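Peer 1: This is the structure I want to talk about, given as structure tokens.
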Amino acid sequence: MSGTLRMRVFLVVLLIGSAAYMLRDTISYYTMDETRKEALIESGEMESIRRNIIHKGLDLQGGMHVVLEVDLEELIKTRVEGGDVLIEELITNSLQEAQLNENEFFPTFEKNVKATNIRLARYFPIYEKGPNADVLDALESDAKDAVDRAEEIIRNRVDEFGVSEPTIQRQGDWRIVVELAGISNEAQARELIQATALLEFVLIHEDPQLLNEMIRNIDKAWTTVMDNIPTDTVELAEEDIGQIETVPSLAEVLAGDDGDTLSITGTGDISRPFSSLINVGGNTIWVPEENVRSIKRKFKNPTIAAAIPSDSRLSWGVATRDIRGDGRLHRALYLMKETAELTGEVVTDARESLGGFSGAEFVVHISMNDEGSREWSKITAGNVGKRIAIVMDGNVHMAGVIRDKISDGRTQIEGMNDLQDAKKLAVVLRAGALPAPMVIEEERTIGASLGADSVSAATRAMVFGFILVIIFMAIYYKGSGLIADFALFLNLAFTLAVLSTLNATLTLPGIAGLILTVGMAVDANVLIFERIREELRNAKTVKKAIDDGFGRALTTIVDANLTTILAAGVLWQFGSGTIKGFATTLFWGILTSMITAIFITRTIFMVLTERKTMTKLSI
């Protein structure tokens, strides 16, 4: 055997061995039982295995398909400064008109702005003074940039949360499609990708008179718009006041009681429709859980909302508590300053763990940058003895009393139900805040049974087609056909090995790409064999016929396969998720088919013709 042939044989063996090595984790993962998988998960070895396997796509194993759309109305309103009813109604009406007529928002908004003849620079000073056209262009650019950032933030959140091979892509200008294959907790995933994650540190008003005055004003406003009298009321007797527990502490230096308590009892008095639904303790409004929905609905009324002091806001606590010990759950409603002392932009890291005073609470430790640490030090130093709330997306996660100055920018958020809740909050804080609220426009959950049926049918189609091709080649081309069948098997193995190394996701379109690859791969062998037959009919020797057959078919094979590879590359670059799955398998399948058809089969024929006495070829 010549040195060149020996090198070719070595390379063939090396390719086969490398493919087997790259497929070892995939084969192991899909052949092991559930008990073995659970043991590997507990030992931590499963993570390294899953990094080197072919994953099943959403259409094969089930999961979630979510379409998110940016809330343009809310996004633009957050850019307004010194706004009034005119600009707010203009934004709302333009959005409704655009949706009704299926038009784009910004052209509709521009048309309505021209009709009202207002100066947008007055309401959007952040874009500097200029004509309306410049402000509109800046607004649209800002909105598109917000969607770009939202896409990246959602991607970071999903990656950190541990979903393998998610599909996250844009759909038009304002939508993001998220596909999470194999997700087990749909509700948690939905919250994770939709949360805007606006973190704020807000001081709570401590003046009982201010709280009492606001409650009386709400009662008056409620009475004027009241269309019915809620009958679900709760009373808090004087002797029960002491049973109201204080809110959790902020960190080791944020602790203590909430000060004096007072009570507002309710008897269903028509003159006090709001106060009859609440209790007050520690300068905090406590709302029975059964009354929360009714109060939230009433607060949407502008007249009632106007009863809240202009420099203040009311925010709900996220947790419910049994403040009386009778099993009835209450939710806190805090009267806080309108402007936050600090926002989540200064947070540099967030990690979930067990902590708190008891050492057994689920908490999230957060760290701040230098600027945040300086501001946090000033805030805590200047407000010792006051309560400060940690607010996420408008909801109070905890409120504690500042007991001392915090100079290192480190603190913690308590009150999580379990470690998973703490992990979700930490992921959101690390990935960053969404620049605009995202609304779920479409959501589909694909069951595992559908995935099993799909993969079973696709596998049967591929195996059936593969067997038919093998039988045809063996019958029509005899011994040479068996060589082509071996090369075809190697082609599939090499393609799957590459996909495994890329940690790719196999979908139904991907399986279709594999089936097409089988046809394209055998087509190259057909071209070569027909050329060899033609050379044999011209009375050439077996060795010469093989050499000329491969040589003359090479140009045609390369041309055909390169055009297919280019088409697959275009589909991968510009196609959506399912098309990308098809393009990926087709691209690598065609590339490996050129190796098997041109190099490996040629090497096998060279080994067979090494003997000078060979006078007949089975073809």
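Going through the structure tokens in order, the chains are called A, B, and so on, while each chain numbers its residues from 1 and the ligands are numbered from 1 in the order shown.
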Would you kindly return, as a ChimeraX atom specification, each protein, DNA or RNA residue with an atom no farther than 12 Å from any atom of Ser28 of chain A, considering only C-alpha atoms and excluding same-chain residues fewer than 5 positions away?
Peer 2: /A:20-23,33,36-37,40,46,49-50,52-54
Peer 1: I need the strand (DSSP E) residues of segment 429-542 of chain A per DSSP on the backbone, written as a PDB file with N, CA and C atoms, in the first residue's frame.
Peer 2:
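Saved file part-v2.pdb follows:
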ATOM      1  N   MET A 438     -43.698  44.630  27.766  1.00  0.00           N
ATOM      2  CA  MET A 438     -43.984  43.711  26.673  1.00  0.00           C
ATOM      3  C   MET A 438     -45.309  43.009  26.956  1.00  0.00           C
ATOM      4  N   VAL A 439     -46.196  43.015  25.975  1.00  0.00           N
ATOM      5  CA  VAL A 439     -47.521  42.404  26.114  1.00  0.00           C
ATOM      6  C   VAL A 439     -47.533  41.097  25.343  1.00  0.00           C
ATOM      7  N   ILE A 440     -48.053  40.032  25.954  1.00  0.00           N
ATOM      8  CA  ILE A 440     -48.162  38.744  25.272  1.00  0.00           C
ATOM      9  C   ILE A 440     -49.343  38.791  24.311  1.00  0.00           C
ATOM     10  N   GLU A 441     -49.051  38.771  23.012  1.00  0.00           N
ATOM     11  CA  GLU A 441     -50.082  38.812  21.989  1.00  0.00           C
ATOM     12  C   GLU A 441     -50.569  37.414  21.627  1.00  0.00           C
ATOM     13  N   GLU A 442     -49.702  36.430  21.756  1.00  0.00           N
ATOM     14  CA  GLU A 442     -50.070  35.062  21.381  1.00  0.00           C
ATOM     15  C   GLU A 442     -49.268  34.093  22.236  1.00  0.00           C
ATOM     16  N   GLU A 443     -49.915  33.031  22.664  1.00  0.00           N
ATOM     17  CA  GLU A 443     -49.224  32.019  23.453  1.00  0.00           C
ATOM     18  C   GLU A 443     -49.809  30.642  23.129  1.00  0.00           C
ATOM     19  N   ARG A 444     -48.921  29.721  22.817  1.00  0.00           N
ATOM     20  CA  ARG A 444     -49.348  28.352  22.541  1.00  0.00           C
ATOM     21  C   ARG A 444     -48.488  27.395  23.346  1.00  0.00           C
ATOM     22  N   THR A 445     -49.127  26.415  23.926  1.00  0.00           N
ATOM     23  CA  THR A 445     -48.407  25.370  24.630  1.00  0.00           C
ATOM     24  C   THR A 445     -48.578  24.067  23.863  1.00  0.00           C
ATOM     25  N   ILE A 446     -47.466  23.481  23.445  1.00  0.00           N
ATOM     26  CA  ILE A 446     -47.494  22.241  22.673  1.00  0.00           C
ATOM     27  C   ILE A 446     -47.220  21.091  23.622  1.00  0.00           C
ATOM     28  N   THR A 505     -30.333  22.116  17.802  1.00  0.00           N
ATOM     29  CA  THR A 505     -31.671  21.628  18.105  1.00  0.00           C
ATOM     30  C   THR A 505     -32.271  21.011  16.848  1.00  0.00           C
ATOM     31  N   LEU A 506     -32.723  19.778  16.952  1.00  0.00           N
ATOM     32  CA  LEU A 506     -33.301  19.082  15.803  1.00  0.00           C
ATOM     33  C   LEU A 506     -34.821  19.266  15.810  1.00  0.00           C
TER      34      LEU A 506
END
Peer 1: Between atom CA of Ile532 of chain A and atom CA of Ala545 of chain A, what is the spacing in Å?
Peer 2: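 Going from atom CA of Ala545 of chain A over to atom CA of Ile532 of chain A, I get 5.3 Å.
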Peer 1: Run DSSP on the backbone of this structure and report the residues of segment 356-563 of chain A it assigns to helix (DSSP H, G or I), as a PyMOL selection string.
Peer 2: chain A and resi 370-382+419-431+448-501+508-537+542-563
Peer 1: What's the 12 Å shell around Leu496 of chain A, counting only C-alpha atoms, without same-chain residues fewer than 2 positions away, as number ranges by chain?
Peer 2: A: 18-27, 52-55, 489-494, 498-506, 510-511, 513-514, 517, 584-589, 592
Peer 1: Can you write out the residues you just picked, keeping C-alpha atoms, as a PDB file, in the first residue's frame?
Peer 2:
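So the final result, stored in part05.pdb, reads:
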ATOM      1  CA  SER A  18     -14.122  11.499  15.612  1.00  0.00           C
ATOM      2  CA  ALA A  19     -17.785  11.133  14.625  1.00  0.00           C
ATOM      3  CA  ALA A  20     -18.264   8.309  17.137  1.00  0.00           C
ATOM      4  CA  TYR A  21     -16.617  10.432  19.847  1.00  0.00           C
ATOM      5  CA  MET A  22     -18.787  13.470  19.078  1.00  0.00           C
ATOM      6  CA  LEU A  23     -21.971  11.360  19.139  1.00  0.00           C
ATOM      7  CA  ARG A  24     -21.175   9.518  22.375  1.00  0.00           C
ATOM      8  CA  ASP A  25     -23.039  11.962  24.668  1.00  0.00           C
ATOM      9  CA  THR A  26     -26.088  12.147  22.377  1.00  0.00           C
ATOM     10  CA  ILE A  27     -26.348   8.357  22.165  1.00  0.00           C
ATOM     11  CA  ASN A  52     -22.718  18.154  23.710  1.00  0.00           C
ATOM     12  CA  ILE A  53     -25.959  16.593  22.547  1.00  0.00           C
ATOM     13  CA  ILE A  54     -28.548  17.191  19.850  1.00  0.00           C
ATOM     14  CA  HIS A  55     -31.606  18.697  21.499  1.00  0.00           C
ATOM     15  CA  PHE A 489     -24.465   5.699   6.521  1.00  0.00           C
ATOM     16  CA  LEU A 490     -21.272   7.611   7.289  1.00  0.00           C
ATOM     17  CA  ASN A 491     -22.811  10.758   5.798  1.00  0.00           C
ATOM     18  CA  LEU A 492     -25.697  10.639   8.280  1.00  0.00           C
ATOM     19  CA  ALA A 493     -23.314   9.871  11.144  1.00  0.00           C
ATOM     20  CA  PHE A 494     -21.020  12.768  10.253  1.00  0.00           C
ATOM     21  CA  VAL A 498     -21.506  18.006  13.622  1.00  0.00           C
ATOM     22  CA  LEU A 499     -24.984  18.915  14.938  1.00  0.00           C
ATOM     23  CA  SER A 500     -24.079  17.349  18.269  1.00  0.00           C
ATOM     24  CA  THR A 501     -20.856  19.356  18.481  1.00  0.00           C
ATOM     25  CA  LEU A 502     -22.776  22.542  17.686  1.00  0.00           C
ATOM     26  CA  ASN A 503     -25.257  21.648  20.467  1.00  0.00           C
ATOM     27  CA  ALA A 504     -27.931  22.131  17.798  1.00  0.00           C
ATOM     28  CA  THR A 505     -31.671  21.628  18.105  1.00  0.00           C
ATOM     29  CA  LEU A 506     -33.301  19.082  15.803  1.00  0.00           C
ATOM     30  CA  GLY A 510     -34.392  19.590  10.359  1.00  0.00           C
ATOM     31  CA  ILE A 511     -35.361  15.966   9.880  1.00  0.00           C
ATOM     32  CA  GLY A 513     -33.252  18.389   5.710  1.00  0.00           C
ATOM     33  CA  LEU A 514     -31.655  15.063   6.668  1.00  0.00           C
ATOM     34  CA  THR A 517     -29.439  15.081   2.290  1.00  0.00           C
ATOM     35  CA  THR A 584     -28.628  23.865   9.183  1.00  0.00           C
ATOM     36  CA  THR A 585     -29.071  20.139   8.607  1.00  0.00           C
ATOM     37  CA  LEU A 586     -29.090  20.595   4.829  1.00  0.00           C
ATOM     38  CA  PHE A 587     -25.888  22.682   4.892  1.00  0.00           C
ATOM     39  CA  TRP A 588     -23.864  20.256   6.974  1.00  0.00           C
ATOM     40  CA  GLY A 589     -25.459  17.222   5.336  1.00  0.00           C
ATOM     41  CA  THR A 592     -20.352  15.895   4.599  1.00  0.00           C
TER      42      THR A 592
END
Peer 1: Do a neighbour search on segment 551-563 of chain A at 7 Å with only C-alpha atoms, toss out local chain neighbours closer than 2 positions, and write the hits as a PDB file with N, CA and C atoms, in the first residue's frame.
Peer 2:
ATOM      1  N   ALA A 524     -24.790  11.887  -5.873  1.00  0.00           N
ATOM      2  CA  ALA A 524     -23.375  12.008  -6.237  1.00  0.00           C
ATOM      3  C   ALA A 524     -22.791  10.656  -6.607  1.00  0.00           C
ATOM      4  N   LEU A 527     -23.952   9.603 -10.106  1.00  0.00           N
ATOM      5  CA  LEU A 527     -23.184  10.259 -11.159  1.00  0.00           C
ATOM      6  C   LEU A 527     -21.832   9.580 -11.368  1.00  0.00           C
ATOM      7  N   ILE A 528     -21.157   9.264 -10.268  1.00  0.00           N
ATOM      8  CA  ILE A 528     -19.836   8.623 -10.363  1.00  0.00           C
ATOM      9  C   ILE A 528     -19.955   7.231 -10.989  1.00  0.00           C
ATOM     10  N   ARG A 531     -20.592   7.243 -14.697  1.00  0.00           N
ATOM     11  CA  ARG A 531     -19.377   7.599 -15.405  1.00  0.00           C
ATOM     12  C   ARG A 531     -18.438   6.390 -15.489  1.00  0.00           C
ATOM     13  N   ASP A 547     -10.690   5.843 -11.987  1.00  0.00           N
ATOM     14  CA  ASP A 547     -10.018   7.139 -11.927  1.00  0.00           C
ATOM     15  C   ASP A 547     -10.709   8.161 -12.821  1.00  0.00           C
ATOM     16  N   ASP A 548     -11.015   7.761 -14.077  1.00  0.00           N
ATOM     17  CA  ASP A 548     -11.656   8.681 -15.011  1.00  0.00           C
ATOM     18  C   ASP A 548     -13.101   8.988 -14.597  1.00  0.00           C
ATOM     19  N   GLY A 549     -13.787   7.984 -14.046  1.00  0.00           N
ATOM     20  CA  GLY A 549     -15.176   8.197 -13.607  1.00  0.00           C
ATOM     21  C   GLY A 549     -15.266   9.224 -12.505  1.00  0.00           C
ATOM     22  N   ILE A 565     -25.435  24.272  -1.136  1.00  0.00           N
ATOM     23  CA  ILE A 565     -24.860  24.810   0.097  1.00  0.00           C
ATOM     24  C   ILE A 565     -25.092  26.317   0.192  1.00  0.00           C
ATOM     25  N   LEU A 566     -24.932  27.016  -0.928  1.00  0.00           N
ATOM     26  CA  LEU A 566     -25.182  28.460  -0.949  1.00  0.00           C
ATOM     27  C   LEU A 566     -26.646  28.772  -0.636  1.00  0.00           C
ATOM     28  N   ALA A 567     -27.553  27.979  -1.218  1.00  0.00           N
ATOM     29  CA  ALA A 567     -28.987  28.184  -0.949  1.00  0.00           C
ATOM     30  C   ALA A 567     -29.292  27.938   0.527  1.00  0.00           C
ATOM     31  N   ILE A 590     -25.027  18.261   3.182  1.00  0.00           N
ATOM     32  CA  ILE A 590     -24.448  18.333   1.840  1.00  0.00           C
ATOM     33  C   ILE A 590     -22.930  18.417   1.913  1.00  0.00           C
TER      34      ILE A 590
END
Peer 1: Could you tell me how far atom CA of Ile153 of chain A lies from atom CA of Glu179 of chain A, in Å and to one decimal?
Peer 2: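 These atoms are spaced 15.1 Å apart.
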Peer 1: Could you check which of A:Gly385, A:Pro437, A:Glu110, A:Asn279 is closest to Lys77 of chain A, using only C-alpha atoms?
Peer 2: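 Closest candidate: A:Pro437.
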Peer 1: Given only C-alpha atoms as the basis, pick out the residue of A:Leu72, A:Val147, A:Leu617, A:Leu120 nearest to Asp134 of chain A.
Peer 2: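 Answer, going by the shortest atom-to-atom distance: A:Leu120.
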Peer 1: Would you pick out the contacts of Arg602 of chain A at 10 Å or less, using only C-alpha atoms, so that residues sharing its chain but fewer than 3 positions from it are not included, and give the list as JSON, numbers by chain?
Peer 2: {"A": [8, 483, 528, 546, 547, 550, 595, 596, 597, 598, 599, 605, 606, 607, 608]}
Peer 1: Write a file of the selected residues as a PDB file, in the first residue's frame, keeping C-alpha atoms.
Peer 2:
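Generated output (selection-v5.pdb):
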ATOM      1  CA  ARG A   8      -6.141   8.383   3.022  1.00  0.00           C
ATOM      2  CA  ILE A 483     -19.919   0.829  -0.940  1.00  0.00           C
ATOM      3  CA  ILE A 528     -19.836   8.623 -10.363  1.00  0.00           C
ATOM      4  CA  ILE A 546     -12.583   4.335 -11.717  1.00  0.00           C
ATOM      5  CA  ASP A 547     -10.018   7.139 -11.927  1.00  0.00           C
ATOM      6  CA  PHE A 550     -14.368  10.068 -10.400  1.00  0.00           C
ATOM      7  CA  ILE A 595     -16.573  14.148   1.787  1.00  0.00           C
ATOM      8  CA  THR A 596     -18.167  10.696   1.798  1.00  0.00           C
ATOM      9  CA  ALA A 597     -18.996  10.528  -1.921  1.00  0.00           C
ATOM     10  CA  ILE A 598     -15.746  11.990  -3.263  1.00  0.00           C
ATOM     11  CA  PHE A 599     -13.138  11.096  -0.654  1.00  0.00           C
ATOM     12  CA  PHE A 605     -12.118   1.837  -4.519  1.00  0.00           C
ATOM     13  CA  MET A 606      -8.395   2.642  -4.345  1.00  0.00           C
ATOM     14  CA  VAL A 607      -7.915  -0.075  -1.710  1.00  0.00           C
ATOM     15  CA  LEU A 608      -9.821  -2.576  -3.888  1.00  0.00           C
TER      16      LEU A 608
END
Peer 1: Please report the interatomic distance between atom CA of Leu199 of chain A and atom CA of Ser312 of chain A in Å with one decimal.
Peer 2: 17.3 Å
Peer 1: Which residue gives the smallest distance to Pro309 of chain A among A:Met368, A:Ile323, A:Ile215, A:Ile285, with only C-alpha atoms counted?
Peer 2: A:Ile215
Peer 1: Need the shell around segment 467-479 of chain A: protein/DNA/RNA residues with any atom at most 6 Å away, counting only C-alpha atoms. Skip same-chain ones fewer than 3 positions apart. Format as a ChimeraX atom specification?
Peer 2: /A:464,482,485,618-619
Peer 1: Pull N, CA and C atoms from the residues just selected and write them as a PDB file, in the first residue's frame.
Peer 2:
ATOM      1  N   PHE A 464     -37.600   4.680   6.570  1.00  0.00           N
ATOM      2  CA  PHE A 464     -38.187   4.004   5.407  1.00  0.00           C
ATOM      3  C   PHE A 464     -37.491   4.460   4.122  1.00  0.00           C
ATOM      4  N   LEU A 482     -23.154  -1.291  -2.509  1.00  0.00           N
ATOM      5  CA  LEU A 482     -22.928  -1.498  -1.070  1.00  0.00           C
ATOM      6  C   LEU A 482     -21.914  -0.500  -0.519  1.00  0.00           C
ATOM      7  N   ASP A 485     -23.745   2.587  -0.042  1.00  0.00           N
ATOM      8  CA  ASP A 485     -24.593   2.492   1.152  1.00  0.00           C
ATOM      9  C   ASP A 485     -23.773   2.762   2.417  1.00  0.00           C
ATOM     10  N   SER A 618     -17.796  -5.022  -9.742  1.00  0.00           N
ATOM     11  CA  SER A 618     -19.224  -5.247  -9.522  1.00  0.00           C
ATOM     12  C   SER A 618     -19.917  -3.891  -9.442  1.00  0.00           C
ATOM     13  N   ILE A 619     -20.545  -3.509 -10.586  1.00  0.00           N
ATOM     14  CA  ILE A 619     -21.172  -2.186 -10.617  1.00  0.00           C
ATOM     15  C   ILE A 619     -22.380  -2.175 -11.546  1.00  0.00           C
TER      16      ILE A 619
END
Peer 1: Given only C-alpha atoms as the basis, pick out the residue of A:Glu102, A:Asp219, A:Glu73, A:Glu152 nearest to Glu88 of chain A.
Peer 2: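 The closest residue to Glu88 of chain A is A:Glu73.
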Peer 1: Closest to Phe105 of chain A among A:Arg119, A:Val80, A:Trp174, A:Ala150, using only C-alpha atoms?
Peer 2: A:Trp174
Peer 1: I'd like the contact shell of Leu11 of chain A - 10 Å cut-off, only C-alpha atoms, skipping same-chain residues fewer than 4 positions apart - returned as a list in words.
Peer 2: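 Residues meeting the cut-off are Leu5, Arg6, Met7, Leu15, Ile16, Gly17, Phe599, Ile600 and Thr603 of chain A.
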Peer 1: A:Ala521, A:Leu488, A:Val225, A:Val364: which is nearest Lys298 of chain A, counting only C-alpha atoms?
Peer 2: A:Val225
